[in-house]
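Student: Below you will find the structure I want to go over with you.
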Amino acid sequence: MLPYVVGALLSVIVLAYVLPGANYRRHQRVIVGAKGLRRWIVIAYSVLFALNLWCAVVTPVTLVGDAITVSTLVVTGVLGFVVVERRIPAATVVQRRRVLAVGAHPNDLDLACGATLAKLVDAGHEVRGLVMSSGAVGGNAWRRPVEAQHSASFLGLSVLQVHDFPGTLLETVTNELVQAIEEVIEDYQPDVILTHSAHDQHPDHYAVHRATLRAARAHSSILCFESPSATREFDPSVFVDIDGYVDVKVEAVLSHRDPAGKPYMTPGRVRGLAAFRGAQAKNSNAEAFEPVRLLGSAIGDL
């Protein structure tokens, strides 16, 4: 009876650890395909719990009981191996860099370069985010910044600052945008700045692009990311390999529930763009950037 009790107890412990949302979210950040893997773990250990409990109560013939005990051990070993193999490997950096990402709206950074930001964090670099509007025009002015903070925490950003400049009218407060960005650059001294492209039909994105270039007029490394509203003129020549981070990006985008339902917020669209840019970069998945200027010694091993 003891092996069955131990098997049932093991199943309860695993399920109690896997089912809570907080634990799932933490592991989802570092394990490729965590959602599907979690589903299989729950199914497997629910079945094992039922079988071990049945054995403890009924005490079946030795052959059946032994098969269930062996199955419990084998499933535990196999799933443990799969979890280890699916962990996203973090690169070892020679020199830690400071990266500043500047976006117009609360979900812009996740949609445009969420995977790159997560990969940089995992590699040991410090990443900060700066968002210029609360997104009140496209949703709830209170909820959207909160969702952005949750996503930033998930990705691992050290700081996310959200301003409340007027959404859809950012071009009317250009001087204020420049001043806000200048203050962060002066305080943070980033090695690399990421922002919107000039080839973007959204007026807020273009306004933030221009304001960032003015604020960073003396900076040596500026990369422009790709937003869903980028035009056909967006012509990237810098690509970041995000293989293993597409699921992370999808989850970060899904953190923004207020604008959910828009076509560019769907997992399919996020995965499709990652695959398209990956094909251009001759790998599986990538995020694309246009360099305004790029100093090699500034980006180091990014």
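A note on labels: chains of the structure tokens are A, B, ... as shown, every chain counts residues from 1, and ligands are counted from 1 in their shown order.
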DSSP says alpha helix (DSSP H) for which residues of range 8-41 of chain A? Put them as a PDB file with C-alpha atoms, in the first residue's frame?

Tutor:
ATOM      1  CA  ALA A   8      -0.940   9.683  -4.744  1.00  0.00           C
ATOM      2  CA  LEU A   9       0.875  12.155  -2.463  1.00  0.00           C
ATOM      3  CA  LEU A  10       3.414  12.914  -5.191  1.00  0.00           C
ATOM      4  CA  SER A  11       0.582  13.627  -7.631  1.00  0.00           C
ATOM      5  CA  VAL A  12      -1.084  15.985  -5.157  1.00  0.00           C
ATOM      6  CA  ILE A  13       2.181  17.867  -4.562  1.00  0.00           C
ATOM      7  CA  VAL A  14       2.849  18.278  -8.289  1.00  0.00           C
ATOM      8  CA  LEU A  15      -0.709  19.447  -9.003  1.00  0.00           C
ATOM      9  CA  ALA A  16      -0.654  21.846  -6.060  1.00  0.00           C
ATOM     10  CA  TYR A  17       2.515  23.400  -7.470  1.00  0.00           C
ATOM     11  CA  VAL A  18       1.520  23.509 -11.135  1.00  0.00           C
ATOM     12  CA  GLY A  21      -1.492  30.968 -11.642  1.00  0.00           C
ATOM     13  CA  ALA A  22       1.515  32.643 -10.002  1.00  0.00           C
ATOM     14  CA  ASN A  23       3.707  29.563 -10.362  1.00  0.00           C
ATOM     15  CA  TYR A  24       2.530  28.999 -13.917  1.00  0.00           C
ATOM     16  CA  ARG A  25       3.280  32.586 -14.918  1.00  0.00           C
ATOM     17  CA  ARG A  26       6.779  32.390 -13.432  1.00  0.00           C
ATOM     18  CA  HIS A  27       7.637  29.204 -15.307  1.00  0.00           C
ATOM     19  CA  GLN A  28       5.931  30.379 -18.484  1.00  0.00           C
ATOM     20  CA  ALA A  34       4.882  26.126 -20.937  1.00  0.00           C
ATOM     21  CA  LYS A  35       1.133  26.308 -21.612  1.00  0.00           C
ATOM     22  CA  GLY A  36       0.950  22.968 -23.407  1.00  0.00           C
ATOM     23  CA  LEU A  37       3.399  21.333 -21.019  1.00  0.00           C
ATOM     24  CA  ARG A  38       1.346  22.454 -18.047  1.00  0.00           C
ATOM     25  CA  ARG A  39      -1.771  20.933 -19.610  1.00  0.00           C
ATOM     26  CA  TRP A  40      -0.053  17.559 -20.043  1.00  0.00           C
ATOM     27  CA  ILE A  41       1.304  17.624 -16.491  1.00  0.00           C
TER      28      ILE A  41
END

Student: May I have the residues within 12 Å of Thr72 in chain A as a short mmCIF file (atom, residue, chain, number, x, y, z; two decimals) with N, CA, C and O atoms, in the first residue's frame, using only C-alpha atoms and disregarding those fewer than 3 positions away in the same chain?

Tutor:
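Result file is selection16.cif:
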data_model
loop_
_atom_site.label_atom_id
_atom_site.label_comp_id
_atom_site.auth_asym_id
_atom_site.auth_seq_id
_atom_site.Cartn_x
_atom_site.Cartn_y
_atom_site.Cartn_z
N PRO A 3 3.64 2.24 -1.56
CA PRO A 3 3.99 2.88 -2.85
C PRO A 3 2.83 3.64 -3.46
O PRO A 3 3.02 4.69 -4.09
N TYR A 4 1.60 3.13 -3.25
CA TYR A 4 0.43 3.81 -3.83
C TYR A 4 0.15 5.12 -3.09
O TYR A 4 -0.22 6.13 -3.70
N VAL A 5 0.31 5.10 -1.79
CA VAL A 5 0.10 6.33 -1.00
C VAL A 5 1.13 7.38 -1.39
O VAL A 5 0.80 8.56 -1.57
N VAL A 6 2.38 6.92 -1.56
CA VAL A 6 3.44 7.84 -1.98
C VAL A 6 3.15 8.40 -3.38
O VAL A 6 3.32 9.59 -3.64
N GLY A 7 2.66 7.53 -4.28
CA GLY A 7 2.33 7.98 -5.63
C GLY A 7 1.21 9.00 -5.63
O GLY A 7 1.27 10.00 -6.36
N ALA A 8 0.18 8.74 -4.83
CA ALA A 8 -0.94 9.68 -4.74
C ALA A 8 -0.48 11.01 -4.14
O ALA A 8 -0.87 12.09 -4.61
N LEU A 9 0.37 10.93 -3.11
CA LEU A 9 0.87 12.15 -2.46
C LEU A 9 1.75 12.95 -3.43
O LEU A 9 1.64 14.18 -3.48
N LEU A 10 2.59 12.24 -4.20
CA LEU A 10 3.41 12.91 -5.19
C LEU A 10 2.55 13.64 -6.21
O LEU A 10 2.84 14.79 -6.59
N SER A 11 1.48 13.00 -6.66
CA SER A 11 0.58 13.63 -7.63
C SER A 11 -0.06 14.88 -7.06
O SER A 11 -0.17 15.91 -7.74
N VAL A 14 2.58 17.72 -6.96
CA VAL A 14 2.85 18.28 -8.29
C VAL A 14 1.69 19.15 -8.74
O VAL A 14 1.88 20.27 -9.24
N ILE A 41 0.97 17.97 -17.88
CA ILE A 41 1.30 17.62 -16.49
C ILE A 41 0.04 17.46 -15.65
O ILE A 41 -0.09 16.52 -14.86
N ALA A 44 -1.70 14.19 -16.75
CA ALA A 44 -0.95 13.01 -16.34
C ALA A 44 -1.06 12.76 -14.84
O ALA A 44 -1.34 11.63 -14.39
N TYR A 45 -0.88 13.79 -14.05
CA TYR A 45 -0.89 13.58 -12.60
C TYR A 45 -2.29 13.46 -12.03
O TYR A 45 -2.47 12.89 -10.94
N SER A 46 -3.27 13.97 -12.72
CA SER A 46 -4.66 13.72 -12.30
C SER A 46 -4.99 12.24 -12.47
O SER A 46 -5.60 11.61 -11.59
N VAL A 47 -4.57 11.68 -13.61
CA VAL A 47 -4.78 10.25 -13.86
C VAL A 47 -3.99 9.41 -12.87
O VAL A 47 -4.50 8.44 -12.29
N LEU A 48 -2.72 9.77 -12.65
CA LEU A 48 -1.88 9.01 -11.71
C LEU A 48 -2.43 9.08 -10.28
O LEU A 48 -2.38 8.09 -9.54
N PHE A 49 -2.95 10.24 -9.91
CA PHE A 49 -3.54 10.36 -8.57
C PHE A 49 -4.72 9.41 -8.43
O PHE A 49 -4.84 8.69 -7.42
N ALA A 50 -5.60 9.39 -9.44
CA ALA A 50 -6.77 8.51 -9.38
C ALA A 50 -6.36 7.04 -9.34
O ALA A 50 -6.90 6.24 -8.55
N LEU A 51 -5.38 6.67 -10.14
CA LEU A 51 -4.94 5.27 -10.17
C LEU A 51 -4.28 4.85 -8.86
O LEU A 51 -4.54 3.76 -8.34
N ASN A 52 -3.40 5.70 -8.34
CA ASN A 52 -2.73 5.37 -7.08
C ASN A 52 -3.72 5.33 -5.91
O ASN A 52 -3.61 4.47 -5.02
N GLY A 65 -0.68 -3.32 -9.79
CA GLY A 65 -0.13 -2.33 -8.87
C GLY A 65 1.28 -1.92 -9.24
O GLY A 65 1.64 -0.74 -9.21
N ASP A 66 2.10 -2.90 -9.60
CA ASP A 66 3.48 -2.61 -10.00
C ASP A 66 3.52 -1.75 -11.26
O ASP A 66 4.36 -0.85 -11.39
N ALA A 67 2.63 -2.03 -12.20
CA ALA A 67 2.58 -1.26 -13.44
C ALA A 67 2.25 0.20 -13.16
O ALA A 67 2.84 1.12 -13.76
N ILE A 68 1.33 0.44 -12.24
CA ILE A 68 0.95 1.82 -11.90
C ILE A 68 2.09 2.52 -11.18
O ILE A 68 2.39 3.70 -11.43
N THR A 69 2.79 1.82 -10.29
CA THR A 69 3.93 2.41 -9.58
C THR A 69 5.04 2.78 -10.55
O THR A 69 5.62 3.87 -10.48
N VAL A 75 6.66 8.58 -15.67
CA VAL A 75 6.05 9.87 -16.04
C VAL A 75 6.77 11.01 -15.34
O VAL A 75 7.07 12.05 -15.96
N THR A 76 7.09 10.82 -14.06
CA THR A 76 7.79 11.86 -13.32
C THR A 76 9.16 12.14 -13.93
O THR A 76 9.57 13.29 -14.11
N GLY A 77 9.87 11.07 -14.27
CA GLY A 77 11.19 11.24 -14.87
C GLY A 77 11.14 11.90 -16.23
O GLY A 77 11.92 12.81 -16.53
N VAL A 78 10.21 11.44 -17.07
CA VAL A 78 10.10 11.98 -18.43
C VAL A 78 9.71 13.45 -18.41
O VAL A 78 10.32 14.29 -19.10
N LEU A 79 8.69 13.80 -17.62
CA LEU A 79 8.24 15.19 -17.57
C LEU A 79 9.32 16.09 -16.96
O LEU A 79 9.50 17.23 -17.38
#

Student: CA of Val137 in chain A and CA of Lys249 in chain A are how many Å apart?

Tutor: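 Taking CA of Val137 in chain A as the start and CA of Lys249 in chain A as the end point, the length is 24.0 Å.
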
Student: I need the residue nearest Thr195 in chain A from this list: A:Gly114, A:Gly103, A:Gly156, A:Gly167. Use only C-alpha atoms for the distance.

Tutor: A:Gly103

Student: Skipping near chain neighbours, those fewer than 3 positions away, what residues fall within 8 Å of Ala115 in chain A using only C-alpha atoms, listed as a list of chain:residue names?

Tutor: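 Close residues of Ala115 in chain A: A:Asp110, A:Ala118, A:Lys119, A:Ile242, A:Tyr245, A:Val246, A:Val248, A:Lys249, A:Glu287.
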
Student: Could you give me, as JSON lines, a per-residue list for range 280-299 of chain A showing, wherever an atom lies at most 12 Å from an atom of range 206-214 of chain A, the closest pair of atoms and their distance in Å to one decimal, using only C-alpha atoms and sorting by chain then residue number from low to high?

Tutor:
{"residue": "A:Glu290", "atom": "CA", "partner": "A:His209", "partner_atom": "CA", "distance": 11.9}
{"residue": "A:Pro291", "atom": "CA", "partner": "A:Leu213", "partner_atom": "CA", "distance": 11.8}
{"residue": "A:Val292", "atom": "CA", "partner": "A:Leu213", "partner_atom": "CA", "distance": 8.8}
{"residue": "A:Arg293", "atom": "CA", "partner": "A:Leu213", "partner_atom": "CA", "distance": 10.6}

Student: Residues as selected, C-alpha atoms, written as an mmCIF file, in the first residue's frame, can you do that?

Tutor:
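Below is the file that was written, out_18.cif:
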data_model
loop_
_atom_site.group_PDB
_atom_site.id
_atom_site.type_symbol
_atom_site.label_atom_id
_atom_site.label_comp_id
_atom_site.auth_asym_id
_atom_site.auth_seq_id
_atom_site.Cartn_x
_atom_site.Cartn_y
_atom_site.Cartn_z
ATOM 1 C CA GLU A 290 15.865 49.849 -38.583
ATOM 2 C CA PRO A 291 19.088 51.465 -37.375
ATOM 3 C CA VAL A 292 19.165 55.241 -37.223
ATOM 4 C CA ARG A 293 22.789 54.825 -36.240
#

Student: Name the residues in contact with His205 in chain A at a cut-off of 7 Å, using only C-alpha atoms, excluding same-chain residues fewer than 4 positions from it; report them as number ranges by chain.

Tutor: A: 104, 196, 200, 209

Student: Nearest to Leu177 in chain A: which of A:Asp247, A:Ser153, A:Arg277, A:Val131 is it, counting only C-alpha atoms?

Tutor: A:Val131
